[in-house]
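Raw contents of start-v5.cif, mmCIF, C-alpha atoms and all ligand atoms; chains and numbers go by the auth columns:
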```cif
data_protein
#
loop_
_atom_site.group_PDB
_atom_site.id
_atom_site.type_symbol
_atom_site.label_atom_id
_atom_site.label_comp_id
_atom_site.label_asym_id
_atom_site.label_seq_id
_atom_site.Cartn_x
_atom_site.Cartn_y
_atom_site.Cartn_z
_atom_site.B_iso_or_equiv
_atom_site.auth_seq_id
_atom_site.auth_asym_id
ATOM 1 C CA MET A 1 -25.792 34.729 23.636 0.00 1 U
ATOM 2 C CA GLN A 2 -27.410 37.985 22.494 0.00 2 U
ATOM 3 C CA LYS A 3 -26.241 39.308 19.136 0.00 3 U
ATOM 4 C CA LYS A 4 -24.249 42.522 19.553 0.00 4 U
ATOM 5 C CA TYR A 5 -23.746 45.039 16.781 0.00 5 U
ATOM 6 C CA VAL A 6 -20.754 47.075 15.788 0.00 6 U
ATOM 7 C CA ALA A 7 -22.312 50.493 15.188 0.00 7 U
ATOM 8 C CA PHE A 8 -21.296 53.225 12.742 0.00 8 U
ATOM 9 C CA PHE A 9 -22.440 56.806 12.992 0.00 9 U
ATOM 10 C CA ASP A 10 -22.001 59.649 10.504 0.00 10 U
ATOM 11 C CA SER A 11 -23.755 62.900 9.641 0.00 11 U
ATOM 12 C CA GLY A 12 -24.896 61.158 6.449 0.00 12 U
ATOM 13 C CA ILE A 13 -23.415 58.847 3.850 0.00 13 U
ATOM 14 C CA GLY A 14 -19.671 59.364 4.498 0.00 14 U
ATOM 15 C CA GLY A 15 -19.474 56.630 7.127 0.00 15 U
ATOM 16 C CA LEU A 16 -20.610 54.054 4.571 0.00 16 U
ATOM 17 C CA ASN A 17 -16.968 54.003 3.446 0.00 17 U
ATOM 18 C CA LEU A 18 -15.884 52.819 6.874 0.00 18 U
ATOM 19 C CA LEU A 19 -18.770 50.357 7.112 0.00 19 U
ATOM 20 C CA ALA A 20 -17.778 48.874 3.733 0.00 20 U
ATOM 21 C CA ALA A 21 -14.117 48.521 4.731 0.00 21 U
ATOM 22 C CA PHE A 22 -15.102 46.902 8.022 0.00 22 U
ATOM 23 C CA ARG A 23 -17.492 44.443 6.378 0.00 23 U
ATOM 24 C CA GLN A 24 -14.976 43.544 3.768 0.00 24 U
ATOM 25 C CA LYS A 25 -12.526 42.469 6.487 0.00 25 U
ATOM 26 C CA TYR A 26 -14.988 41.134 9.058 0.00 26 U
ATOM 27 C CA PRO A 27 -18.132 40.088 7.136 0.00 27 U
ATOM 28 C CA ASP A 28 -19.450 37.823 9.878 0.00 28 U
ATOM 29 C CA ILE A 29 -19.822 40.593 12.486 0.00 29 U
ATOM 30 C CA PRO A 30 -23.341 42.093 12.782 0.00 30 U
ATOM 31 C CA CYS A 31 -23.309 45.816 11.959 0.00 31 U
ATOM 32 C CA LEU A 32 -25.621 48.762 12.385 0.00 32 U
ATOM 33 C CA TYR A 33 -25.398 52.063 10.493 0.00 33 U
ATOM 34 C CA TYR A 34 -26.909 55.324 11.699 0.00 34 U
ATOM 35 C CA GLY A 35 -26.823 58.261 9.273 0.00 35 U
ATOM 36 C CA ASP A 36 -28.232 61.638 10.253 0.00 36 U
ATOM 37 C CA ASN A 37 -28.668 62.735 6.621 0.00 37 U
ATOM 38 C CA ALA A 38 -31.542 65.105 7.461 0.00 38 U
ATOM 39 C CA HIS A 39 -29.058 67.310 9.350 0.00 39 U
ATOM 40 C CA ALA A 40 -26.043 66.809 7.061 0.00 40 U
ATOM 41 C CA PRO A 41 -23.659 68.374 6.450 0.00 41 U
ATOM 42 C CA TYR A 42 -22.352 69.044 9.950 0.00 42 U
ATOM 43 C CA GLY A 43 -19.068 70.668 8.968 0.00 43 U
ATOM 44 C CA ASN A 44 -20.171 74.308 9.021 0.00 44 U
ATOM 45 C CA LYS A 45 -22.291 74.012 12.175 0.00 45 U
ATOM 46 C CA SER A 46 -21.148 75.112 15.632 0.00 46 U
ATOM 47 C CA ARG A 47 -19.434 72.711 17.979 0.00 47 U
ATOM 48 C CA GLU A 48 -22.446 72.860 20.323 0.00 48 U
ATOM 49 C CA GLU A 49 -24.882 71.975 17.571 0.00 49 U
ATOM 50 C CA ILE A 50 -22.718 69.113 16.289 0.00 50 U
ATOM 51 C CA THR A 51 -22.350 67.752 19.828 0.00 51 U
ATOM 52 C CA GLU A 52 -26.116 67.892 20.389 0.00 52 U
ATOM 53 C CA LEU A 53 -26.855 66.048 17.116 0.00 53 U
ATOM 54 C CA ALA A 54 -24.207 63.409 17.828 0.00 54 U
ATOM 55 C CA PHE A 55 -25.575 62.764 21.317 0.00 55 U
ATOM 56 C CA ALA A 56 -29.125 62.420 19.971 0.00 56 U
ATOM 57 C CA ALA A 57 -27.911 59.800 17.486 0.00 57 U
ATOM 58 C CA PHE A 58 -25.820 57.945 20.043 0.00 58 U
ATOM 59 C CA ARG A 59 -28.755 57.760 22.442 0.00 59 U
ATOM 60 C CA LYS A 60 -30.747 56.001 19.693 0.00 60 U
ATOM 61 C CA ILE A 61 -27.838 53.692 18.864 0.00 61 U
ATOM 62 C CA ALA A 62 -27.527 52.825 22.554 0.00 62 U
ATOM 63 C CA THR A 63 -31.056 51.388 22.588 0.00 63 U
ATOM 64 C CA ARG A 64 -29.610 48.416 20.633 0.00 64 U
ATOM 65 C CA PRO A 65 -27.116 45.865 21.937 0.00 65 U
ATOM 66 C CA VAL A 66 -23.814 47.436 20.898 0.00 66 U
ATOM 67 C CA ALA A 67 -20.338 45.852 21.113 0.00 67 U
ATOM 68 C CA ALA A 68 -18.609 49.068 20.025 0.00 68 U
ATOM 69 C CA ALA A 69 -19.377 52.175 18.003 0.00 69 U
ATOM 70 C CA ALA A 70 -17.401 54.092 15.434 0.00 70 U
ATOM 71 C CA ILE A 71 -17.773 57.800 14.999 0.00 71 U
ATOM 72 C CA ALA A 72 -17.399 57.407 11.243 0.00 72 U
ATOM 73 C CA CYS A 73 -17.135 61.159 10.936 0.00 73 U
ATOM 74 C CA ASN A 74 -14.034 63.296 11.421 0.00 74 U
ATOM 75 C CA THR A 75 -16.142 66.336 12.269 0.00 75 U
ATOM 76 C CA VAL A 76 -17.940 64.663 15.172 0.00 76 U
ATOM 77 C CA THR A 77 -14.730 63.041 16.370 0.00 77 U
ATOM 78 C CA ALA A 78 -13.025 66.434 16.402 0.00 78 U
ATOM 79 C CA CYS A 79 -15.887 68.091 18.268 0.00 79 U
ATOM 80 C CA CYS A 80 -16.966 65.610 20.916 0.00 80 U
ATOM 81 C CA ALA A 81 -15.318 62.162 20.809 0.00 81 U
ATOM 82 C CA GLU A 82 -14.172 62.403 24.430 0.00 82 U
ATOM 83 C CA GLN A 83 -17.623 63.443 25.651 0.00 83 U
ATOM 84 C CA LEU A 84 -19.252 60.559 23.789 0.00 84 U
ATOM 85 C CA ARG A 85 -16.696 58.102 25.173 0.00 85 U
ATOM 86 C CA ALA A 86 -17.355 59.303 28.693 0.00 86 U
ATOM 87 C CA SER A 87 -21.141 59.042 28.315 0.00 87 U
ATOM 88 C CA PHE A 88 -21.762 55.584 26.865 0.00 88 U
ATOM 89 C CA SER A 89 -20.918 52.189 28.270 0.00 89 U
ATOM 90 C CA PHE A 90 -19.619 50.649 25.014 0.00 90 U
ATOM 91 C CA PRO A 91 -16.177 51.458 23.534 0.00 91 U
ATOM 92 C CA VAL A 92 -16.117 54.247 20.950 0.00 92 U
ATOM 93 C CA ALA A 93 -13.595 54.616 18.093 0.00 93 U
ATOM 94 C CA GLY A 94 -13.093 57.927 16.344 0.00 94 U
ATOM 95 C CA MET A 95 -11.723 58.930 12.952 0.00 95 U
ATOM 96 C CA GLU A 96 -8.334 60.556 12.850 0.00 96 U
ATOM 97 C CA PRO A 97 -7.178 62.326 9.685 0.00 97 U
ATOM 98 C CA ALA A 98 -4.269 60.338 8.240 0.00 98 U
ATOM 99 C CA VAL A 99 -1.730 63.099 8.848 0.00 99 U
ATOM 100 C CA ARG A 100 0.927 60.729 10.190 0.00 100 U
ATOM 101 C CA PRO A 101 1.410 58.571 7.046 0.00 101 U
ATOM 102 C CA ALA A 102 1.030 61.599 4.786 0.00 102 U
ATOM 103 C CA ALA A 103 3.712 63.519 6.708 0.00 103 U
ATOM 104 C CA LYS A 104 6.175 60.712 5.962 0.00 104 U
ATOM 105 C CA THR A 105 6.211 61.882 2.328 0.00 105 U
ATOM 106 C CA GLY A 106 8.141 64.819 3.731 0.00 106 U
ATOM 107 C CA GLY A 107 6.963 67.547 1.357 0.00 107 U
ATOM 108 C CA ASN A 108 3.975 69.805 1.005 0.00 108 U
ATOM 109 C CA VAL A 109 0.909 67.932 2.283 0.00 109 U
ATOM 110 C CA LEU A 110 -2.560 69.146 1.356 0.00 110 U
ATOM 111 C CA VAL A 111 -5.038 68.567 4.194 0.00 111 U
ATOM 112 C CA LEU A 112 -8.734 68.687 3.292 0.00 112 U
ATOM 113 C CA ALA A 113 -11.315 68.764 6.082 0.00 113 U
ATOM 114 C CA THR A 114 -14.499 70.509 7.125 0.00 114 U
ATOM 115 C CA ARG A 115 -14.323 73.839 8.900 0.00 115 U
ATOM 116 C CA ALA A 116 -15.333 72.329 12.244 0.00 116 U
ATOM 117 C CA THR A 117 -12.605 69.676 11.973 0.00 117 U
ATOM 118 C CA MET A 118 -9.919 72.082 10.857 0.00 118 U
ATOM 119 C CA GLN A 119 -10.668 74.560 13.651 0.00 119 U
ATOM 120 C CA SER A 120 -10.691 71.896 16.346 0.00 120 U
ATOM 121 C CA GLU A 121 -7.953 71.637 18.949 0.00 121 U
ATOM 122 C CA ARG A 122 -7.629 67.957 18.097 0.00 122 U
ATOM 123 C CA MET A 123 -6.674 68.746 14.498 0.00 123 U
ATOM 124 C CA GLN A 124 -4.359 71.589 15.474 0.00 124 U
ATOM 125 C CA ASP A 125 -2.565 69.276 17.938 0.00 125 U
ATOM 126 C CA LEU A 126 -2.217 66.581 15.301 0.00 126 U
ATOM 127 C CA LEU A 127 -0.725 69.003 12.780 0.00 127 U
ATOM 128 C CA ARG A 128 1.684 70.404 15.392 0.00 128 U
ATOM 129 C CA ARG A 129 2.909 66.892 16.199 0.00 129 U
ATOM 130 C CA TYR A 130 4.054 66.312 12.597 0.00 130 U
ATOM 131 C CA SER A 131 5.064 69.837 11.685 0.00 131 U
ATOM 132 C CA SER A 132 8.768 68.988 11.715 0.00 132 U
ATOM 133 C CA GLU A 133 8.232 66.223 9.131 0.00 133 U
ATOM 134 C CA ALA A 134 6.183 68.018 6.485 0.00 134 U
ATOM 135 C CA ARG A 135 4.679 71.333 5.489 0.00 135 U
ATOM 136 C CA PHE A 136 0.883 71.442 5.608 0.00 136 U
ATOM 137 C CA THR A 137 -1.432 73.330 3.291 0.00 137 U
ATOM 138 C CA LEU A 138 -4.841 73.433 4.964 0.00 138 U
ATOM 139 C CA PHE A 139 -8.007 73.731 2.927 0.00 139 U
ATOM 140 C CA CYS A 140 -11.702 73.535 3.872 0.00 140 U
ATOM 141 C CA PRO A 141 -13.845 73.017 0.764 0.00 141 U
ATOM 142 C CA GLN A 142 -16.921 75.148 1.414 0.00 142 U
ATOM 143 C CA ASP A 143 -19.819 72.679 1.050 0.00 143 U
ATOM 144 C CA LEU A 144 -18.143 69.604 -0.399 0.00 144 U
ATOM 145 C CA ALA A 145 -19.743 67.126 2.025 0.00 145 U
ATOM 146 C CA GLY A 146 -23.161 68.602 1.155 0.00 146 U
ATOM 147 C CA GLU A 147 -22.464 68.336 -2.571 0.00 147 U
ATOM 148 C CA ILE A 148 -21.424 64.716 -2.154 0.00 148 U
ATOM 149 C CA GLU A 149 -24.641 63.969 -0.211 0.00 149 U
ATOM 150 C CA ARG A 150 -26.694 65.488 -3.027 0.00 150 U
ATOM 151 C CA ALA A 151 -24.733 63.899 -5.894 0.00 151 U
ATOM 152 C CA ALA A 152 -24.960 60.316 -4.583 0.00 152 U
ATOM 153 C CA PRO A 153 -24.856 57.788 -6.166 0.00 153 U
ATOM 154 C CA ASP A 154 -23.242 59.607 -9.104 0.00 154 U
ATOM 155 C CA PHE A 155 -20.154 61.153 -7.509 0.00 155 U
ATOM 156 C CA SER A 156 -18.701 61.999 -10.928 0.00 156 U
ATOM 157 C CA ARG A 157 -21.090 64.992 -10.842 0.00 157 U
ATOM 158 C CA VAL A 158 -19.031 66.650 -8.107 0.00 158 U
ATOM 159 C CA ASP A 159 -16.824 69.344 -9.606 0.00 159 U
ATOM 160 C CA LEU A 160 -13.223 69.200 -8.383 0.00 160 U
ATOM 161 C CA SER A 161 -12.090 72.573 -9.706 0.00 161 U
ATOM 162 C CA PHE A 162 -12.138 73.866 -6.109 0.00 162 U
ATOM 163 C CA LEU A 163 -8.945 71.925 -5.340 0.00 163 U
ATOM 164 C CA PRO A 164 -6.100 74.340 -4.690 0.00 164 U
ATOM 165 C CA GLN A 165 -3.419 74.429 -7.415 0.00 165 U
ATOM 166 C CA GLY A 166 0.012 73.347 -6.319 0.00 166 U
ATOM 167 C CA LYS A 167 2.503 70.544 -6.135 0.00 167 U
ATOM 168 C CA TYR A 168 1.843 68.227 -3.212 0.00 168 U
ATOM 169 C CA SER A 169 3.746 65.231 -1.880 0.00 169 U
ATOM 170 C CA ALA A 170 0.478 63.836 -0.473 0.00 170 U
ATOM 171 C CA ALA A 171 -3.088 64.765 0.368 0.00 171 U
ATOM 172 C CA VAL A 172 -5.132 63.865 3.441 0.00 172 U
ATOM 173 C CA LEU A 173 -8.883 63.342 3.253 0.00 173 U
ATOM 174 C CA GLY A 174 -10.009 64.513 6.682 0.00 174 U
ATOM 175 C CA CYS A 175 -13.684 63.810 6.047 0.00 175 U
ATOM 176 C CA THR A 176 -15.261 60.445 5.356 0.00 176 U
ATOM 177 C CA HIS A 177 -17.526 61.937 2.681 0.00 177 U
ATOM 178 C CA TYR A 178 -14.467 62.921 0.603 0.00 178 U
ATOM 179 C CA VAL A 179 -13.429 59.257 0.381 0.00 179 U
ATOM 180 C CA PHE A 180 -16.048 58.791 -2.362 0.00 180 U
ATOM 181 C CA LEU A 181 -13.828 61.070 -4.490 0.00 181 U
ATOM 182 C CA LYS A 182 -10.487 59.541 -3.488 0.00 182 U
ATOM 183 C CA ASP A 183 -9.458 58.202 -6.906 0.00 183 U
ATOM 184 C CA ARG A 184 -10.480 61.358 -8.727 0.00 184 U
ATOM 185 C CA ILE A 185 -8.651 63.563 -6.218 0.00 185 U
ATOM 186 C CA ALA A 186 -5.506 61.407 -6.506 0.00 186 U
ATOM 187 C CA GLU A 187 -5.631 61.618 -10.277 0.00 187 U
ATOM 188 C CA ARG A 188 -6.147 65.352 -10.281 0.00 188 U
ATOM 189 C CA LEU A 189 -3.415 66.116 -7.741 0.00 189 U
ATOM 190 C CA GLY A 190 -1.005 63.462 -9.002 0.00 190 U
ATOM 191 C CA CYS A 191 0.062 62.432 -5.497 0.00 191 U
ATOM 192 C CA PRO A 192 -0.811 59.731 -2.961 0.00 192 U
ATOM 193 C CA VAL A 193 -4.019 60.366 -1.038 0.00 193 U
ATOM 194 C CA PHE A 194 -4.508 59.110 2.527 0.00 194 U
ATOM 195 C CA ASP A 195 -7.619 58.530 4.581 0.00 195 U
ATOM 196 C CA GLY A 196 -7.989 56.910 7.991 0.00 196 U
ATOM 197 C CA ILE A 197 -10.481 54.252 6.927 0.00 197 U
ATOM 198 C CA LEU A 198 -8.541 50.985 7.178 0.00 198 U
ATOM 199 C CA GLY A 199 -6.767 51.904 10.406 0.00 199 U
ATOM 200 C CA THR A 200 -10.067 52.805 12.056 0.00 200 U
ATOM 201 C CA ALA A 201 -11.729 49.594 10.834 0.00 201 U
ATOM 202 C CA ASP A 202 -8.989 47.505 12.474 0.00 202 U
ATOM 203 C CA HIS A 203 -9.012 49.549 15.662 0.00 203 U
ATOM 204 C CA LEU A 204 -12.784 49.189 15.851 0.00 204 U
ATOM 205 C CA TYR A 205 -12.538 45.426 15.498 0.00 205 U
ATOM 206 C CA LYS A 206 -10.043 45.296 18.370 0.00 206 U
ATOM 207 C CA ILE A 207 -12.049 47.411 20.797 0.00 207 U
ATOM 208 C CA ALA A 208 -15.331 45.646 19.963 0.00 208 U
ATOM 209 C CA ASN A 209 -13.878 42.480 21.417 0.00 209 U
ATOM 210 C CA VAL A 210 -15.863 40.334 18.989 0.00 210 U
ATOM 211 C CA CYS A 211 -14.516 37.409 17.080 0.00 211 U
ATOM 212 C CA SER A 212 -14.517 37.045 13.314 0.00 212 U
ATOM 213 C CA LYS A 213 -14.266 33.304 12.703 0.00 213 U
ATOM 214 C CA ASN A 214 -13.381 32.119 9.273 0.00 214 U
ATOM 215 C CA PRO A 215 -15.301 34.900 7.512 0.00 215 U
ATOM 216 C CA GLN A 216 -15.086 33.316 4.058 0.00 216 U
ATOM 217 C CA LYS A 217 -17.115 30.348 5.223 0.00 217 U
ATOM 218 C CA GLN A 218 -19.651 32.190 7.313 0.00 218 U
ATOM 219 C CA GLY A 219 -20.822 34.684 4.709 0.00 219 U
ATOM 220 C CA LYS A 220 -22.272 38.059 5.498 0.00 220 U
ATOM 221 C CA SER A 221 -24.029 38.680 8.770 0.00 221 U
ATOM 222 C CA ALA A 222 -26.827 41.038 9.792 0.00 222 U
ATOM 223 C CA LEU A 223 -26.677 44.663 8.697 0.00 223 U
ATOM 224 C CA ILE A 224 -29.308 47.130 9.838 0.00 224 U
ATOM 225 C CA PHE A 225 -29.796 50.792 9.025 0.00 225 U
ATOM 226 C CA LEU A 226 -31.200 53.355 11.434 0.00 226 U
ATOM 227 C CA GLY A 227 -31.814 57.105 11.363 0.00 227 U
ATOM 228 C CA ASN A 228 -33.805 59.514 9.265 0.00 228 U
ATOM 229 C CA ALA A 229 -32.520 58.168 5.925 0.00 229 U
ATOM 230 C CA LYS A 230 -32.226 54.486 6.621 0.00 230 U
ATOM 231 C CA LYS A 231 -33.773 53.349 3.332 0.00 231 U
ATOM 232 C CA HIS A 232 -31.676 55.749 1.291 0.00 232 U
ATOM 233 C CA ASN A 233 -28.448 54.706 3.026 0.00 233 U
ATOM 234 C CA LYS A 234 -29.237 51.020 2.689 0.00 234 U
ATOM 235 C CA LYS A 235 -29.961 51.373 -1.015 0.00 235 U
ATOM 236 C CA LEU A 236 -26.801 53.406 -1.590 0.00 236 U
ATOM 237 C CA TYR A 237 -24.658 50.963 0.376 0.00 237 U
ATOM 238 C CA LEU A 238 -26.014 47.970 -1.522 0.00 238 U
ATOM 239 C CA SER A 239 -25.548 49.671 -4.883 0.00 239 U
ATOM 240 C CA LEU A 240 -21.984 50.840 -4.191 0.00 240 U
ATOM 241 C CA PHE A 241 -20.330 48.056 -2.214 0.00 241 U
HETATM 242 N N1 LIG B . -18.399 62.651 7.133 0.00 1 F
HETATM 243 C C1 LIG B . -18.073 63.798 7.853 0.00 1 F
HETATM 244 C C2 LIG B . -16.660 63.970 8.269 0.00 1 F
HETATM 245 O O1 LIG B . -15.945 62.989 8.244 0.00 1 F
HETATM 246 C C3 LIG B . -19.075 64.869 7.948 0.00 1 F
HETATM 247 C C4 LIG B . -18.980 66.011 7.020 0.00 1 F
HETATM 248 C C5 LIG B . -20.128 66.937 7.221 0.00 1 F
HETATM 249 O O2 LIG B . -21.218 66.478 7.623 0.00 1 F
HETATM 250 O O3 LIG B . -19.918 68.126 6.962 0.00 1 F
HETATM 251 O O4 LIG B . -16.215 65.021 8.640 0.00 1 F
#
```
Take the structure in the file and give it back as structure tokens.
Ligand code: DGL
Amino acid sequence: MQKKYVAFFDSGIGGLNLLAAFRQKYPDIPCLYYGDNAHAPYGNKSREEITELAFAAFRKIATRPVAAAAIACNTVTACCAEQLRASFSFPVAGMEPAVRPAAKTGGNVLVLATRATMQSERMQDLLRRYSSEARFTLFCPQDLAGEIERAAPDFSRVDLSFLPQGKYSAAVLGCTHYVFLKDRIAERLGCPVFDGILGTADHLYKIANVCSKNPQKQGKSALIFLGNAKKHNKKLYLSLF
């Protein structure tokens, strides 16, 4: 039987966090990572531009045998997940900001996301759904995803003084790039920090309809990198995870 890949797509390096979580749980499933680092960050671009870039990447991904693909990017999910799902024959999982678990803390929840994500109908709907459970403070850090791209692999160089002052019951990282700063953000804010990484990894495994058999015994399976920064992303992935 032909080997099929579970594919991951992000504007750059942010999706490596999802890839790492997926491979930690399902190491015997072949994976493919496509980063569009040359055009990152996407978050301040228009919806049309983001959609065009995402489609260009997905068309390249679709030239490989794909079991399922993850939009490992909240910004792309917010802008065009439905269009991508309707256009490709393999199942597509998106990222959803972890508003639901954060809202359970019942207080003031800080939500961090890119401008494109925050302005999307998808995000506004999500926030409305949980508005009776928590109060949301919304914040779009100007160029944080770009700074993270440039700082890699030394994320300690990213200055966190931009974080809004306040007392929060939880924070939501609505961008996969921000996950590289999760521990530092949690320490600085002094509250639990949620991302959608593990939930998406499990959902992706389900929709891919592949079978992870006794992963401990099988060891790690194929992992290929595509896109305009494939060597960079591979090196970063191998050095971090
Ligand atoms: N990793 C992205 C996200 O989850 C992209 C951020 C960006 O390119 O601005 O939103």
Would you translate the PyMOL selection byres (((not hetatm)) within 7 of (chain F and resi 1)) into the concrete set of residues it matches in this file, as a PyMOL selection string? chain U and resi 10-12+14-15+40-44+72-76+113-114+117+145-146+174-177
Taking the file as shown, find all residues satisfying the PyMOL selection byres (((chain U and resi 235) around 12) and not hetatm) and write them as a list in words. Ile13, Leu16, Ala152, Pro153, Ile224, Phe225, Ala229, Lys230, Lys231, His232, Asn233, Lys234, Leu236, Tyr237, Leu238, Ser239, Leu240 and Phe241 of chain U
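For the set U:Val6, U:Val109, U:Asp183, U:Ser156, the residue with the smallest atom-to-atom gap to U:Pro27 is U:Val6, counting all atoms listed in the file.
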ask   = Which is closer to U:Met95 than all the others in U:Cys31, U:Leu160, U:Ala57, U:Ala81, using all atoms listed in the file?
value =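 Once distances to U:Met95 are computed over all atoms listed in the file, the minimum belongs to U:Ala81.
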With distances taken over all atoms listed in the file, which residue among U:Asn37, U:Ser212, U:Thr137, U:Gln165 lies nearest U:Leu112?
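The answer is U:Thr137, which sits nearest to U:Leu112.
With distances taken from (-2.3, 60.8, 10.1) and restricted to all atoms listed in the file, the residues inside 10 Å are Glu96, Pro97, Ala98, Val99, Arg100, Pro101, Ala102, Ala103, Lys104, Leu126, Leu127, Tyr130, Val172, Leu173, Gly174, Phe194, Asp195, Gly196 and Gly199 of chain U.
Proximity of U:Arg85, U:Arg47, U:Lys167, U:Lys213 to U:Ala68, computed with only C-alpha atoms, is greatest for U:Arg85.
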Among U:Cys140, U:Ala78, U:Asp28, U:Lys182, U:Leu223 is approached most closely, using all atoms listed in the file, by U:Asp28
U:Ser132 proximity check over U:Ala116, U:Asp159, U:Gly106, U:Leu144, using all atoms listed in the file: winner is U:Gly106
List the spatial neighbours of U:Ala70 as an mmCIF file with C-alpha atoms, keeping the file's coordinate frame - criterion: any atom at most 10 Å away, all atoms listed in the file, same-chain residues fewer than 6 positions off excluded.
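result24.cif, freshly written:
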```
data_model
loop_
_atom_site.group_PDB
_atom_site.id
_atom_site.type_symbol
_atom_site.label_atom_id
_atom_site.label_comp_id
_atom_site.auth_asym_id
_atom_site.auth_seq_id
_atom_site.Cartn_x
_atom_site.Cartn_y
_atom_site.Cartn_z
ATOM 1 C CA VAL U 6 -20.754 47.075 15.788
ATOM 2 C CA ALA U 7 -22.312 50.493 15.188
ATOM 3 C CA PHE U 8 -21.296 53.225 12.742
ATOM 4 C CA PHE U 9 -22.440 56.806 12.992
ATOM 5 C CA ASP U 10 -22.001 59.649 10.504
ATOM 6 C CA GLY U 15 -19.474 56.630 7.127
ATOM 7 C CA LEU U 18 -15.884 52.819 6.874
ATOM 8 C CA LEU U 19 -18.770 50.357 7.112
ATOM 9 C CA TYR U 33 -25.398 52.063 10.493
ATOM 10 C CA THR U 77 -14.730 63.041 16.370
ATOM 11 C CA ALA U 81 -15.318 62.162 20.809
ATOM 12 C CA PRO U 91 -16.177 51.458 23.534
ATOM 13 C CA VAL U 92 -16.117 54.247 20.950
ATOM 14 C CA ALA U 93 -13.595 54.616 18.093
ATOM 15 C CA GLY U 94 -13.093 57.927 16.344
ATOM 16 C CA MET U 95 -11.723 58.930 12.952
ATOM 17 C CA THR U 200 -10.067 52.805 12.056
ATOM 18 C CA ALA U 201 -11.729 49.594 10.834
ATOM 19 C CA HIS U 203 -9.012 49.549 15.662
ATOM 20 C CA LEU U 204 -12.784 49.189 15.851
ATOM 21 C CA TYR U 205 -12.538 45.426 15.498
ATOM 22 C CA ALA U 208 -15.331 45.646 19.963
#
```
Pairwise distance, atom CA of U:Gly35 with atom CA of U:Gly227, equals 5.5 Å
From atom CA of U:Tyr168 to atom CA of U:Glu187 the spacing works out at 12.2 Å
All residues 8 Å or closer to U:Val66, all atoms listed in the file, same chain fewer than 4 positions away omitted, as a ChimeraX atom specification: /U:4-7,61-62,90
* **Distance of atom CA of U:Arg115 from atom CA of U:Gln142, expressed in Å to one decimal place** =>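 So the answer is 8.0 Å.
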Listed atoms of stretch 174-185 of chain U, axis-aligned box, 5 Å per side: centre and edge lengths to one decimal in Å, as lines of an AutoDock Vina configuration file?
```
center_x = -13.1
center_y = 61.4
center_z = -1.0
size_x = 18.9
size_y = 16.3
size_z = 25.4
```
